[in-house]
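Visitor: What follows is entry.txt; its format and atoms are compact mmCIF, C-alpha atoms.
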```
# COMPACT_ATOMS: atom_id res chain seq x y z
CA MET A 1 -16.94 -32.18 35.73
CA GLU A 2 -16.35 -29.33 33.26
CA LYS A 3 -17.15 -29.90 29.62
CA LEU A 4 -15.69 -28.27 26.53
CA ILE A 5 -17.40 -28.53 23.14
CA VAL A 6 -15.50 -27.60 19.99
CA ILE A 7 -17.36 -27.00 16.73
CA GLY A 8 -15.00 -27.72 13.85
CA GLY A 9 -12.11 -30.17 13.88
CA GLY A 10 -9.67 -28.24 11.71
CA ALA A 11 -6.41 -26.60 12.76
CA ALA A 12 -7.87 -24.24 15.37
CA GLY A 13 -10.37 -26.69 16.82
CA MET A 14 -7.90 -29.49 17.41
CA SER A 15 -5.24 -27.10 18.76
CA ALA A 16 -7.78 -25.70 21.23
CA SER A 17 -8.99 -29.12 22.38
CA SER A 18 -5.46 -30.54 22.66
CA LYS A 19 -4.16 -27.59 24.71
CA ALA A 20 -7.20 -27.69 27.01
CA ARG A 21 -6.69 -31.44 27.49
CA ARG A 22 -3.05 -30.96 28.55
CA LEU A 23 -4.02 -28.35 31.13
CA LYS A 24 -7.20 -30.05 32.37
CA PRO A 25 -6.74 -33.84 32.20
CA GLN A 26 -10.15 -34.49 33.76
CA MET A 27 -12.17 -32.17 31.53
CA GLU A 28 -14.68 -33.78 29.18
CA ILE A 29 -13.94 -32.63 25.63
CA GLU A 30 -16.16 -33.23 22.62
CA VAL A 31 -15.37 -32.14 19.04
CA PHE A 32 -18.03 -32.00 16.31
CA GLU A 33 -16.66 -32.19 12.77
CA ALA A 34 -18.96 -32.16 9.73
CA THR A 35 -16.54 -34.15 7.53
CA LYS A 36 -14.54 -37.34 7.99
CA MET A 37 -11.28 -35.45 8.60
CA VAL A 38 -9.80 -33.59 11.56
CA SER A 39 -6.53 -31.69 11.96
CA HIS A 40 -6.54 -31.37 8.20
CA ALA A 41 -4.46 -29.33 5.74
CA PRO A 42 -6.45 -27.68 2.93
CA CYS A 43 -3.24 -26.09 1.61
CA GLY A 44 -2.25 -29.52 0.31
CA ILE A 45 -5.15 -29.82 -2.15
CA PRO A 46 -3.33 -28.36 -5.21
CA TYR A 47 -0.40 -30.73 -4.61
CA PHE A 48 -2.77 -33.69 -4.33
CA VAL A 49 -4.42 -32.62 -7.60
CA GLU A 50 -0.98 -32.37 -9.17
CA GLY A 51 -0.33 -35.96 -8.10
CA LEU A 52 2.53 -35.37 -5.67
CA PHE A 53 0.88 -37.74 -3.17
CA ASP A 54 -2.01 -40.17 -3.28
CA ASN A 55 -2.91 -41.09 0.31
CA GLU A 56 -5.70 -38.77 1.46
CA GLU A 57 -4.89 -39.53 5.11
CA LEU A 58 -1.74 -37.45 4.65
CA PHE A 59 -4.01 -34.39 4.71
CA MET A 60 -4.44 -35.04 8.44
CA THR A 61 -1.68 -34.35 10.96
CA TYR A 62 -3.42 -36.85 13.26
CA THR A 63 -6.40 -39.09 12.63
CA PRO A 64 -9.65 -38.97 14.62
CA GLU A 65 -8.65 -42.27 16.24
CA PHE A 66 -5.42 -40.71 17.50
CA PHE A 67 -7.31 -37.97 19.34
CA ILE A 68 -9.85 -40.43 20.74
CA GLU A 69 -7.31 -42.99 21.95
CA ASN A 70 -4.27 -40.90 22.84
CA ARG A 71 -5.74 -37.60 23.98
CA LYS A 72 -9.12 -38.81 25.23
CA ILE A 73 -10.96 -36.26 23.10
CA ASN A 74 -14.37 -37.45 21.93
CA VAL A 75 -14.19 -36.67 18.21
CA ARG A 76 -17.51 -36.97 16.39
CA THR A 77 -16.77 -36.93 12.65
CA ASN A 78 -19.45 -36.70 9.95
CA THR A 79 -21.58 -34.83 12.50
CA LYS A 80 -22.83 -31.34 11.77
CA VAL A 81 -23.89 -28.86 14.42
CA THR A 82 -27.29 -27.51 13.40
CA GLU A 83 -28.03 -25.07 16.22
CA ILE A 84 -26.48 -23.44 19.29
CA ASP A 85 -28.46 -22.18 22.27
CA LEU A 86 -25.99 -19.78 23.83
CA ASN A 87 -28.20 -18.87 26.77
CA SER A 88 -28.85 -22.48 27.79
CA ARG A 89 -25.35 -23.60 26.71
CA ILE A 90 -26.64 -26.39 24.50
CA VAL A 91 -25.33 -27.61 21.13
CA TYR A 92 -27.59 -29.56 18.77
CA ALA A 93 -26.04 -31.78 16.10
CA GLU A 94 -26.93 -34.54 13.70
CA GLY A 95 -24.96 -37.06 11.69
CA LYS A 96 -23.87 -40.67 11.84
CA TYR A 97 -24.78 -40.78 15.54
CA GLY A 98 -28.28 -39.48 14.84
CA LYS A 99 -29.50 -36.30 16.51
CA THR A 100 -27.68 -35.26 19.65
CA LYS A 101 -28.05 -32.60 22.32
CA SER A 102 -24.98 -31.65 24.37
CA GLU A 103 -24.49 -29.18 27.19
CA TYR A 104 -21.22 -27.34 27.71
CA ASP A 105 -19.32 -25.19 30.17
CA TYR A 106 -17.00 -23.85 27.47
CA LEU A 107 -17.54 -23.63 23.72
CA VAL A 108 -15.03 -23.04 20.92
CA ILE A 109 -16.34 -22.00 17.50
CA SER A 110 -13.84 -23.02 14.82
CA THR A 111 -15.98 -23.37 11.73
CA GLY A 112 -13.29 -22.01 9.41
CA SER A 113 -13.91 -20.32 6.09
CA LYS A 114 -15.95 -21.13 3.03
CA PRO A 115 -15.25 -20.43 -0.64
CA LYS A 116 -16.82 -17.41 -2.25
CA ARG A 117 -19.17 -18.68 -4.92
CA LEU A 118 -20.19 -17.28 -8.27
CA PRO A 119 -23.66 -17.64 -9.78
CA THR A 120 -23.68 -20.37 -12.40
CA GLU A 121 -26.03 -21.91 -14.90
CA GLY A 122 -25.67 -25.45 -13.57
CA GLU A 123 -22.69 -26.71 -11.54
CA ASP A 124 -21.80 -30.20 -12.77
CA ARG A 125 -18.46 -28.94 -14.10
CA VAL A 126 -17.87 -26.14 -11.58
CA PHE A 127 -15.28 -26.94 -8.90
CA TYR A 128 -14.05 -25.39 -5.65
CA MET A 129 -10.70 -26.35 -4.11
CA HIS A 130 -11.51 -25.95 -0.44
CA HIS A 131 -11.79 -29.02 1.79
CA PRO A 132 -9.46 -32.04 1.70
CA ALA A 133 -12.38 -34.37 2.40
CA GLU A 134 -13.50 -33.62 -1.16
CA ALA A 135 -10.03 -33.87 -2.72
CA VAL A 136 -10.26 -37.44 -4.05
CA THR A 137 -13.47 -36.75 -5.96
CA LEU A 138 -12.15 -33.39 -7.13
CA ARG A 139 -8.96 -34.94 -8.50
CA GLN A 140 -10.81 -37.70 -10.31
CA LYS A 141 -13.04 -35.17 -12.05
CA LEU A 142 -10.26 -32.75 -12.97
CA TRP A 143 -7.98 -35.48 -14.28
CA SER A 144 -10.72 -36.56 -16.68
CA LEU A 145 -10.77 -33.11 -18.33
CA ASN A 146 -8.35 -31.58 -20.83
CA THR A 147 -9.21 -27.87 -20.96
CA ILE A 148 -9.94 -26.14 -17.66
CA ALA A 149 -10.68 -22.50 -16.78
CA ILE A 150 -9.60 -21.04 -13.47
CA ILE A 151 -11.39 -17.91 -12.30
CA GLY A 152 -9.24 -15.90 -9.91
CA GLY A 153 -5.52 -15.20 -9.96
CA GLY A 154 -4.86 -15.12 -6.24
CA ILE A 155 -2.84 -17.69 -4.32
CA LEU A 156 -5.22 -20.61 -4.88
CA GLY A 157 -5.74 -19.77 -8.55
CA VAL A 158 -1.99 -19.66 -9.21
CA GLU A 159 -1.40 -22.90 -7.28
CA ALA A 160 -4.21 -24.60 -9.20
CA ALA A 161 -2.71 -23.38 -12.48
CA GLU A 162 0.63 -24.92 -11.53
CA ALA A 163 -0.96 -28.23 -10.54
CA LEU A 164 -3.03 -28.59 -13.71
CA SER A 165 -0.31 -27.42 -16.10
CA GLU A 166 2.01 -30.01 -14.54
CA ARG A 167 -0.68 -32.62 -15.35
CA GLY A 168 -0.55 -31.52 -18.99
CA LYS A 169 -3.91 -29.76 -18.96
CA LYS A 170 -4.67 -26.70 -21.04
CA VAL A 171 -5.43 -23.96 -18.54
CA ILE A 172 -7.11 -20.60 -19.08
CA LEU A 173 -6.56 -18.39 -16.02
CA ILE A 174 -9.00 -15.47 -15.89
CA HIS A 175 -8.22 -12.70 -13.41
CA HIS A 176 -9.98 -9.39 -12.80
CA GLY A 177 -6.87 -7.66 -11.42
CA LYS A 178 -4.15 -5.89 -13.38
CA TYR A 179 -1.68 -8.70 -12.61
CA LEU A 180 -1.68 -12.03 -10.81
CA LEU A 181 -1.39 -12.11 -7.00
CA ASN A 182 -2.35 -8.43 -6.85
CA LYS A 183 -3.58 -8.82 -3.26
CA THR A 184 -0.21 -10.29 -2.27
CA LEU A 185 2.31 -8.32 -4.30
CA ASP A 186 2.73 -4.81 -5.62
CA ALA A 187 2.99 -4.32 -9.37
CA GLU A 188 6.80 -4.55 -9.69
CA LEU A 189 6.93 -8.10 -8.32
CA GLY A 190 3.49 -9.11 -9.49
CA LYS A 191 4.53 -8.61 -13.11
CA ILE A 192 7.37 -11.13 -12.64
CA ILE A 193 4.94 -13.85 -11.59
CA THR A 194 2.38 -12.92 -14.24
CA ASP A 195 5.02 -13.21 -16.96
CA ARG A 196 6.20 -16.57 -15.58
CA VAL A 197 2.72 -18.10 -15.34
CA SER A 198 1.93 -16.86 -18.86
CA ARG A 199 4.64 -19.13 -20.25
CA ASP A 200 2.62 -22.21 -19.23
CA VAL A 201 -1.04 -21.20 -19.23
CA GLU A 202 -3.29 -18.80 -21.10
CA VAL A 203 -3.57 -15.82 -18.75
CA LYS A 204 -6.40 -13.33 -19.21
CA ILE A 205 -5.70 -10.22 -17.15
CA GLY A 206 -8.20 -7.48 -16.38
CA GLU A 207 -11.25 -9.52 -17.36
CA ALA A 208 -14.41 -9.63 -15.29
CA VAL A 209 -16.50 -12.79 -15.44
CA LYS A 210 -20.10 -12.05 -16.39
CA GLU A 211 -21.56 -15.55 -16.70
CA ILE A 212 -20.67 -19.18 -16.12
CA LYS A 213 -22.90 -21.21 -18.40
CA GLN A 214 -23.55 -24.82 -19.34
CA GLY A 215 -22.54 -26.12 -15.93
CA GLY A 216 -19.05 -24.64 -16.17
CA ARG A 217 -18.33 -25.31 -19.85
CA THR A 218 -18.73 -21.72 -21.06
CA ILE A 219 -17.19 -18.64 -19.44
CA VAL A 220 -18.38 -15.21 -20.58
CA THR A 221 -16.29 -12.20 -19.53
CA ASP A 222 -16.47 -8.50 -20.40
CA LYS A 223 -13.84 -9.17 -23.07
CA GLY A 224 -14.50 -12.61 -24.46
CA LYS A 225 -16.06 -16.04 -24.36
CA TYR A 226 -14.22 -19.26 -23.53
CA GLU A 227 -15.30 -22.83 -24.18
CA VAL A 228 -13.78 -25.29 -21.71
CA GLU A 229 -14.53 -28.67 -20.19
CA GLY A 230 -14.72 -27.45 -16.62
CA THR A 231 -14.16 -24.45 -14.37
CA ILE A 232 -12.41 -23.94 -11.03
CA VAL A 233 -13.72 -20.94 -9.08
CA ALA A 234 -10.95 -19.49 -6.91
CA VAL A 235 -12.13 -15.96 -6.12
CA GLY A 236 -11.34 -16.12 -2.42
CA VAL A 237 -12.87 -17.26 0.84
CA GLU A 238 -14.99 -15.70 3.56
CA PRO A 239 -15.58 -16.45 7.26
CA ASN A 240 -18.01 -19.32 7.85
CA THR A 241 -20.26 -17.68 10.43
CA GLU A 242 -23.71 -18.91 9.39
CA LEU A 243 -24.15 -20.87 12.62
CA VAL A 244 -23.68 -17.83 14.86
CA LYS A 245 -25.07 -14.92 12.84
CA GLY A 246 -27.46 -12.94 15.02
CA LYS A 247 -26.10 -14.72 18.11
CA LEU A 248 -22.44 -13.74 18.42
CA LEU A 249 -21.00 -10.32 17.68
CA LEU A 250 -19.30 -10.09 14.28
CA GLY A 251 -16.51 -7.63 13.59
CA GLU A 252 -15.81 -5.16 10.78
CA THR A 253 -14.33 -7.91 8.60
CA GLY A 254 -17.42 -10.11 8.85
CA ALA A 255 -15.60 -12.62 11.06
CA ILE A 256 -16.42 -13.32 14.71
CA LYS A 257 -15.21 -10.54 17.00
CA VAL A 258 -13.04 -11.67 19.93
CA ASP A 259 -10.85 -10.11 22.59
CA GLU A 260 -7.15 -10.88 22.97
CA TYR A 261 -8.01 -14.04 24.92
CA MET A 262 -10.11 -15.30 21.96
CA ARG A 263 -13.34 -14.76 23.92
CA THR A 264 -16.50 -13.66 22.13
CA ASN A 265 -19.19 -11.45 23.65
CA TYR A 266 -20.22 -14.55 25.67
CA ARG A 267 -17.54 -15.07 28.31
CA GLU A 268 -17.58 -18.88 28.11
CA VAL A 269 -17.65 -18.93 24.28
CA TYR A 270 -14.39 -18.68 22.35
CA SER A 271 -13.71 -18.42 18.64
CA ALA A 272 -10.55 -19.37 16.75
CA GLY A 273 -9.41 -19.93 13.19
CA ASP A 274 -10.56 -18.71 9.79
CA ASN A 275 -13.97 -17.69 11.14
CA THR A 276 -12.35 -15.29 13.63
CA GLU A 277 -11.33 -11.65 13.37
CA SER A 278 -7.95 -10.50 14.59
CA VAL A 279 -6.01 -7.23 14.83
CA ASN A 280 -3.34 -6.09 12.42
CA ILE A 281 -0.25 -5.38 14.51
CA VAL A 282 0.99 -2.75 12.04
CA THR A 283 -2.22 -0.71 11.88
CA GLY A 284 -3.95 -1.65 15.13
CA LYS A 285 -7.14 -2.13 13.10
CA PRO A 286 -9.39 -5.21 12.76
CA TYR A 287 -8.02 -7.67 10.23
CA TRP A 288 -8.78 -11.13 8.93
CA VAL A 289 -6.12 -13.68 7.95
CA PRO A 290 -7.40 -17.14 6.92
CA PHE A 291 -4.15 -19.12 7.12
CA ALA A 292 -3.29 -22.30 9.02
CA PRO A 293 -0.41 -20.98 11.21
CA VAL A 294 -2.65 -18.20 12.55
CA ALA A 295 -5.55 -20.61 13.08
CA ASN A 296 -3.37 -23.04 15.03
CA LYS A 297 -2.09 -20.31 17.34
CA MET A 298 -5.55 -18.86 17.88
CA GLY A 299 -6.74 -22.33 18.88
CA TYR A 300 -3.75 -22.78 21.17
CA VAL A 301 -4.52 -19.47 22.92
CA ALA A 302 -8.21 -20.34 23.31
CA GLY A 303 -7.35 -23.77 24.74
CA SER A 304 -4.81 -22.27 27.11
CA ASN A 305 -7.33 -19.80 28.53
CA ILE A 306 -10.01 -22.47 28.87
CA GLY A 307 -7.43 -24.62 30.62
CA GLY A 308 -6.75 -21.92 33.20
CA GLU A 309 -3.40 -20.70 31.87
CA PRO A 310 -3.98 -17.09 30.70
CA MET A 311 -2.53 -16.25 27.29
CA LYS A 312 -3.08 -13.39 24.85
CA PHE A 313 -3.12 -13.52 21.06
CA PRO A 314 -1.10 -10.49 19.90
CA GLY A 315 -2.54 -10.11 16.40
CA VAL A 316 -1.27 -10.72 12.89
CA VAL A 317 1.14 -9.26 10.34
CA ASN A 318 -0.28 -11.27 7.42
CA THR A 319 2.66 -13.46 6.47
CA GLN A 320 1.98 -15.29 3.20
CA ILE A 321 4.02 -17.62 1.03
CA THR A 322 3.19 -19.56 -2.10
CA LYS A 323 4.98 -20.88 -5.16
CA TYR A 324 4.69 -21.24 -8.89
CA LYS A 325 7.07 -23.74 -10.48
CA GLU A 326 10.60 -22.54 -9.59
CA TYR A 327 9.46 -19.26 -8.02
CA PHE A 328 8.63 -18.80 -4.34
CA VAL A 329 6.52 -15.77 -3.45
CA GLY A 330 6.49 -14.25 0.03
CA ARG A 331 4.78 -11.25 1.52
CA VAL A 332 4.35 -9.81 5.03
CA GLY A 333 2.86 -6.63 6.44
CA LEU A 334 1.21 -4.03 4.22
CA GLN A 335 1.33 -3.48 0.50
CA GLU A 336 2.17 0.07 -0.52
CA GLU A 337 -1.37 1.13 -1.43
CA GLU A 338 -2.70 -0.60 1.68
CA ALA A 339 -0.26 1.41 3.82
CA ARG A 340 -1.50 4.60 2.21
CA LYS A 341 -5.11 3.60 2.88
CA TYR A 342 -4.33 3.22 6.60
CA GLY A 343 -2.88 6.72 6.83
CA PHE A 344 0.85 6.01 6.55
CA HIS A 345 3.20 7.85 4.21
CA PRO A 346 4.92 4.89 2.57
CA VAL A 347 8.30 4.92 0.91
CA SER A 348 9.71 1.83 -0.73
CA ALA A 349 12.77 0.29 -2.33
CA THR A 350 12.87 -2.59 -4.79
CA ILE A 351 16.03 -4.46 -5.76
CA SER A 352 16.96 -7.49 -7.84
CA GLY A 353 19.91 -9.64 -6.84
CA LYS A 354 21.32 -13.12 -6.52
CA THR A 355 20.94 -15.69 -3.75
CA ARG A 356 24.57 -16.86 -3.52
CA ALA A 357 28.06 -15.43 -3.59
CA ARG A 358 29.17 -14.49 -7.10
CA TYR A 359 31.77 -17.29 -7.21
CA TYR A 360 29.48 -20.03 -5.88
CA PRO A 361 27.69 -21.93 -8.67
CA GLY A 362 23.93 -22.13 -9.00
CA ALA A 363 22.96 -18.64 -7.84
CA LYS A 364 19.29 -17.81 -8.41
CA ASP A 365 17.50 -14.54 -9.05
CA ILE A 366 15.73 -12.89 -6.15
CA HIS A 367 13.62 -9.72 -6.06
CA VAL A 368 12.92 -7.82 -2.85
CA LYS A 369 10.66 -4.89 -2.03
CA VAL A 370 10.59 -3.24 1.39
CA ILE A 371 8.05 -0.63 2.46
CA ALA A 372 8.46 1.78 5.38
CA ASP A 373 6.71 4.82 6.83
CA GLU A 374 8.45 8.04 5.85
CA ASP A 375 7.57 9.78 9.12
CA THR A 376 8.45 7.14 11.73
CA LYS A 377 10.91 5.06 9.63
CA ARG A 378 9.03 1.98 10.81
CA VAL A 379 9.10 -0.99 8.43
CA LEU A 380 5.56 -1.66 7.22
CA GLY A 381 5.88 -4.49 4.72
CA ALA A 382 8.11 -6.68 2.59
CA GLN A 383 7.66 -8.75 -0.56
CA ILE A 384 10.09 -11.29 -1.98
CA VAL A 385 10.03 -13.30 -5.20
CA GLY A 386 12.86 -15.72 -5.85
CA GLU A 387 13.94 -19.23 -6.65
CA GLU A 388 15.41 -20.10 -3.24
CA GLU A 389 15.72 -18.91 0.36
CA VAL A 390 12.53 -16.83 0.24
CA LEU A 391 10.83 -18.32 3.29
CA GLY A 392 13.62 -17.59 5.77
CA ARG A 393 13.91 -14.00 4.62
CA ILE A 394 10.18 -13.30 4.74
CA ASP A 395 9.98 -14.90 8.20
CA MET A 396 12.79 -12.63 9.40
CA MET A 397 10.87 -9.62 8.10
CA ALA A 398 7.72 -10.88 9.81
CA ALA A 399 9.54 -10.82 13.16
CA ALA A 400 10.94 -7.35 12.48
CA ILE A 401 7.54 -5.95 11.50
CA MET A 402 5.78 -7.64 14.41
CA LYS A 403 8.18 -5.98 16.84
CA GLY A 404 7.96 -2.56 15.21
CA PHE A 405 11.51 -2.37 13.85
CA THR A 406 12.61 0.77 12.07
CA ILE A 407 14.64 0.79 8.86
CA GLU A 408 17.83 1.13 10.88
CA ASP A 409 16.85 -1.64 13.32
CA THR A 410 16.32 -3.96 10.38
CA PHE A 411 19.59 -2.91 8.73
CA PHE A 412 21.49 -4.07 11.81
CA ILE A 413 19.84 -7.52 12.09
CA GLU A 414 22.80 -9.87 12.22
CA MET A 415 21.96 -12.28 9.44
CA GLY A 416 23.96 -15.42 8.83
CA TYR A 417 26.29 -15.63 5.86
CA LEU A 418 27.32 -18.67 3.86
CA PRO A 419 28.38 -18.32 0.19
CA ALA A 420 26.27 -21.36 -0.79
CA ILE A 421 22.97 -19.80 0.33
CA SER A 422 23.51 -16.07 0.82
CA ARG A 423 25.67 -13.04 0.11
CA VAL A 424 27.69 -10.81 2.41
CA TRP A 425 25.15 -8.09 1.73
CA ASP A 426 21.90 -10.03 1.88
CA PRO A 427 19.33 -8.93 -0.71
CA VAL A 428 16.91 -7.87 2.06
CA ILE A 429 19.60 -5.68 3.64
CA VAL A 430 20.49 -4.26 0.22
CA ALA A 431 16.85 -3.15 -0.16
CA ILE A 432 16.90 -1.68 3.35
CA ARG A 433 20.16 0.12 2.59
CA LYS A 434 18.65 1.61 -0.54
CA LEU A 435 15.68 2.77 1.52
CA MET A 436 18.04 4.42 4.02
CA ARG A 437 19.70 6.37 1.20
CA ASP A 438 16.40 7.33 -0.34
```
Please lay out the structure from this file as structure tokens.
Guide:
Amino acid sequence: MEKLIVIGGGAAGMSASSKARRLKPQMEIEVFEATKMVSHAPCGIPYFVEGLFDNEELFMTYTPEFFIENRKINVRTNTKVTEIDLNSRIVYAEGKYGKTKSEYDYLVISTGSKPKRLPTEGEDRVFYMHHPAEAVTLRQKLWSLNTIAIIGGGILGVEAAEALSERGKKVILIHHGKYLLNKTLDAELGKIITDRVSRDVEVKIGEAVKEIKQGGRTIVTDKGKYEVEGTIVAVGVEPNTELVKGKLLLGETGAIKVDEYMRTNYREVYSAGDNTESVNIVTGKPYWVPFAPVANKMGYVAGSNIGGEPMKFPGVVNTQITKYKEYFVGRVGLQEEEARKYGFHPVSATISGKTRARYYPGAKDIHVKVIADEDTKRVLGAQIVGEEEVLGRIDMMAAAIMKGFTIEDTFFIEMGYLPAISRVWDPVIVAIRKLMRD
């Protein structure tokens, strides 16, 4: 009987094991997960900290018991894989079951990402928002504090600022970039979010952290010194590849290199999720996107191929969405400077408009930027900041960019129109139209 071992029970790991189970009902499938949670949603941590829900089981789409009983997948929680022998096809693990040794026919590596850490003088008040298994303890500690520093103004930093300001905490958000979300938005739209966040929290832009002292109670930057009760470090994540370094081939991004079938340089070993490199569909170059929708689909593709149903993963266009209070922030494709770095000749158009017909009450502001290549007229990227209907528009642009639409192709997308949620000339099409004129 064939056996599949999956290392990591997050989005990619459980998608891979579930798809393989559907295609091969008799296959033996074993999942090793280092924490108590599988099929979990780290993106929910800021909302848990904010207090929008209290049941930590809601972080999981399905419980370990569901997979064991309903899908006949042997899920071993609280069990950490300590070593892999790729030549002998053996996985060594230890945890609540003691030390184990398991042989496999197929292996899926889905160890996810890990937070980038900063050197600190003690860590008793230094926090990382990364894994939902730690969310209860994290929330208890943060709720007991009044003044909290957040280092990093990317997506997680902004979401943490929202959560803590909603809890009535004094927040100091320290960011090295020229504006918040600078790796998501270009300056025109980034300034809108920076100004909005600054109304609720103390935002320190263009400051580099030099030291974190007294266990997270003192932050020293190149421009000042801040005394707080605790510090959240949110300076990004990186692929968690410690288990396979020197064994599997890593790509340019530092993540595990795979082919379009999610296979590594060992034919029977697959990789999927935040630890795995992909290809940017716009540039054709290696790219790394650590987001749950991508991880789930990578896992699905890996499971399908292991199950005998060939499937290719096409790559990514880097669709992102987040929010701060009333504003939703979406981005897909390349930023303008990024496009230039990859050898394109970008042109762009930015517009501000409303989300509803002028006579329909409750219209909200929306800001759209579209980027295209001057030579080929291909759409390269889009960014949207608004108070409603951002997700649908950015998803539409994701499809257009994924399929290589030109400016004119995108102009003629037949979008729906309803005065209560859109305008005859949709803001995205207005930006495209401006780009056509320019």
Visitor: Counting all atoms listed in the file, which of A:Ile155, A:Ile384, A:Leu189, A:Thr221 gets nearest to A:His176?
Guide: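 Nearest candidate to A:His176 out of A:Ile155, A:Ile384, A:Leu189, A:Thr221: A:Thr221.
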Visitor: Would you mind telling me which residue in A:Arg423, A:Arg433, A:Lys403, A:Lys3 lies nearest to A:Val316 when using only C-alpha atoms?
Guide: A:Lys403
Visitor: Leaving out A:Arg22 and any residue of its chain fewer than 6 positions from it, which residues lie within 10 Å of it when counting all atoms listed in the file, given as a CSV table (one decimal) with C-alpha atoms, in the frame of the given file?
Guide:
```csv
chain,number,residue,atom,x,y,z
A,71,ARG,CA,-5.7,-37.6,24.0
A,303,GLY,CA,-7.4,-23.8,24.7
A,304,SER,CA,-4.8,-22.3,27.1
A,307,GLY,CA,-7.4,-24.6,30.6
```
Visitor: Fewer than 4 positions away in the same chain doesn't count, so skip those; otherwise give me all residues within 9 Å of A:Gly251, counting all atoms listed in the file, as number ranges by chain.
Guide: A: 255-258, 276-277, 286
Visitor: Counting only C-alpha atoms, find the residues whose atoms lie at most 10 Å from (-16.4, -19.5, -23.0) (file coordinates) and write them out as a compact mmCIF listing (two decimals) with C-alpha atoms, keeping the file's coordinate frame.
Guide:
```
# COMPACT_ATOMS: atom_id res chain seq x y z
CA ALA A 149 -10.68 -22.50 -16.78
CA GLU A 211 -21.56 -15.55 -16.70
CA ILE A 212 -20.67 -19.18 -16.12
CA LYS A 213 -22.90 -21.21 -18.40
CA GLN A 214 -23.55 -24.82 -19.34
CA GLY A 216 -19.05 -24.64 -16.17
CA ARG A 217 -18.33 -25.31 -19.85
CA THR A 218 -18.73 -21.72 -21.06
CA ILE A 219 -17.19 -18.64 -19.44
CA VAL A 220 -18.38 -15.21 -20.58
CA THR A 221 -16.29 -12.20 -19.53
CA GLY A 224 -14.50 -12.61 -24.46
CA LYS A 225 -16.06 -16.04 -24.36
CA TYR A 226 -14.22 -19.26 -23.53
CA GLU A 227 -15.30 -22.83 -24.18
CA VAL A 228 -13.78 -25.29 -21.71
CA GLU A 229 -14.53 -28.67 -20.19
```
Visitor: Quick check, in Å to one decimal: how far apart do atom CA of A:Asp274 and atom CA of A:Ile172 lie?
Guide: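 Atom-to-atom, atom CA of A:Asp274 and atom CA of A:Ile172 are spaced 29.1 Å apart.
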Visitor: So what do you get for atom CA of A:Thr77 versus atom CA of A:Lys297, distance-wise?
Guide: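 Taking atom CA of A:Thr77 and atom CA of A:Lys297, their separation equals 22.7 Å.
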Visitor: Extract, using only C-alpha atoms, all DNA, RNA and protein residues at most 10 Å from A:Thr410, discarding same-chain residues fewer than 2 positions from it, and format them as JSON, numbers by chain.
Guide: {"A": [378, 379, 396, 397, 400, 401, 404, 405, 406, 407, 408, 412, 413, 414, 428, 429, 432, 433]}
Visitor: So what do you get for atom CA of A:Ala161 versus atom CA of A:Ala382, distance-wise?
Guide: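 These atoms are spaced 25.0 Å apart.
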Visitor: Can you sort out stretch 408-418 of chain A so it carries N, CA and C atoms, written as a PDB file, keeping the file's coordinate frame?
Guide:
```pdb
ATOM      1  N   GLU A 408      16.492   1.322  10.326  1.00  0.00           N
ATOM      2  CA  GLU A 408      17.830   1.130  10.880  1.00  0.00           C
ATOM      3  C   GLU A 408      17.906  -0.127  11.736  1.00  0.00           C
ATOM      4  N   ASP A 409      16.884  -0.395  12.532  1.00  0.00           N
ATOM      5  CA  ASP A 409      16.850  -1.640  13.320  1.00  0.00           C
ATOM      6  C   ASP A 409      17.015  -2.847  12.404  1.00  0.00           C
ATOM      7  N   THR A 410      16.294  -2.826  11.306  1.00  0.00           N
ATOM      8  CA  THR A 410      16.320  -3.960  10.380  1.00  0.00           C
ATOM      9  C   THR A 410      17.674  -4.060   9.684  1.00  0.00           C
ATOM     10  N   PHE A 411      18.263  -2.924   9.356  1.00  0.00           N
ATOM     11  CA  PHE A 411      19.590  -2.910   8.730  1.00  0.00           C
ATOM     12  C   PHE A 411      20.621  -3.636   9.598  1.00  0.00           C
ATOM     13  N   PHE A 412      20.487  -3.487  10.905  1.00  0.00           N
ATOM     14  CA  PHE A 412      21.490  -4.070  11.810  1.00  0.00           C
ATOM     15  C   PHE A 412      21.147  -5.480  12.294  1.00  0.00           C
ATOM     16  N   ILE A 413      20.085  -6.107  11.769  1.00  0.00           N
ATOM     17  CA  ILE A 413      19.840  -7.520  12.090  1.00  0.00           C
ATOM     18  C   ILE A 413      21.052  -8.325  11.640  1.00  0.00           C
ATOM     19  N   GLU A 414      21.578  -9.109  12.527  1.00  0.00           N
ATOM     20  CA  GLU A 414      22.800  -9.870  12.220  1.00  0.00           C
ATOM     21  C   GLU A 414      22.434 -11.185  11.536  1.00  0.00           C
ATOM     22  N   MET A 415      22.329 -11.109  10.229  1.00  0.00           N
ATOM     23  CA  MET A 415      21.960 -12.280   9.440  1.00  0.00           C
ATOM     24  C   MET A 415      23.166 -13.189   9.222  1.00  0.00           C
ATOM     25  N   GLY A 416      22.882 -14.471   9.108  1.00  0.00           N
ATOM     26  CA  GLY A 416      23.960 -15.420   8.830  1.00  0.00           C
ATOM     27  C   GLY A 416      24.460 -15.295   7.401  1.00  0.00           C
ATOM     28  N   TYR A 417      25.711 -15.700   7.202  1.00  0.00           N
ATOM     29  CA  TYR A 417      26.290 -15.630   5.860  1.00  0.00           C
ATOM     30  C   TYR A 417      27.013 -16.923   5.529  1.00  0.00           C
ATOM     31  N   LEU A 418      26.641 -17.507   4.415  1.00  0.00           N
ATOM     32  CA  LEU A 418      27.320 -18.670   3.860  1.00  0.00           C
ATOM     33  C   LEU A 418      27.250 -18.537   2.345  1.00  0.00           C
TER      34      LEU A 418
END
```
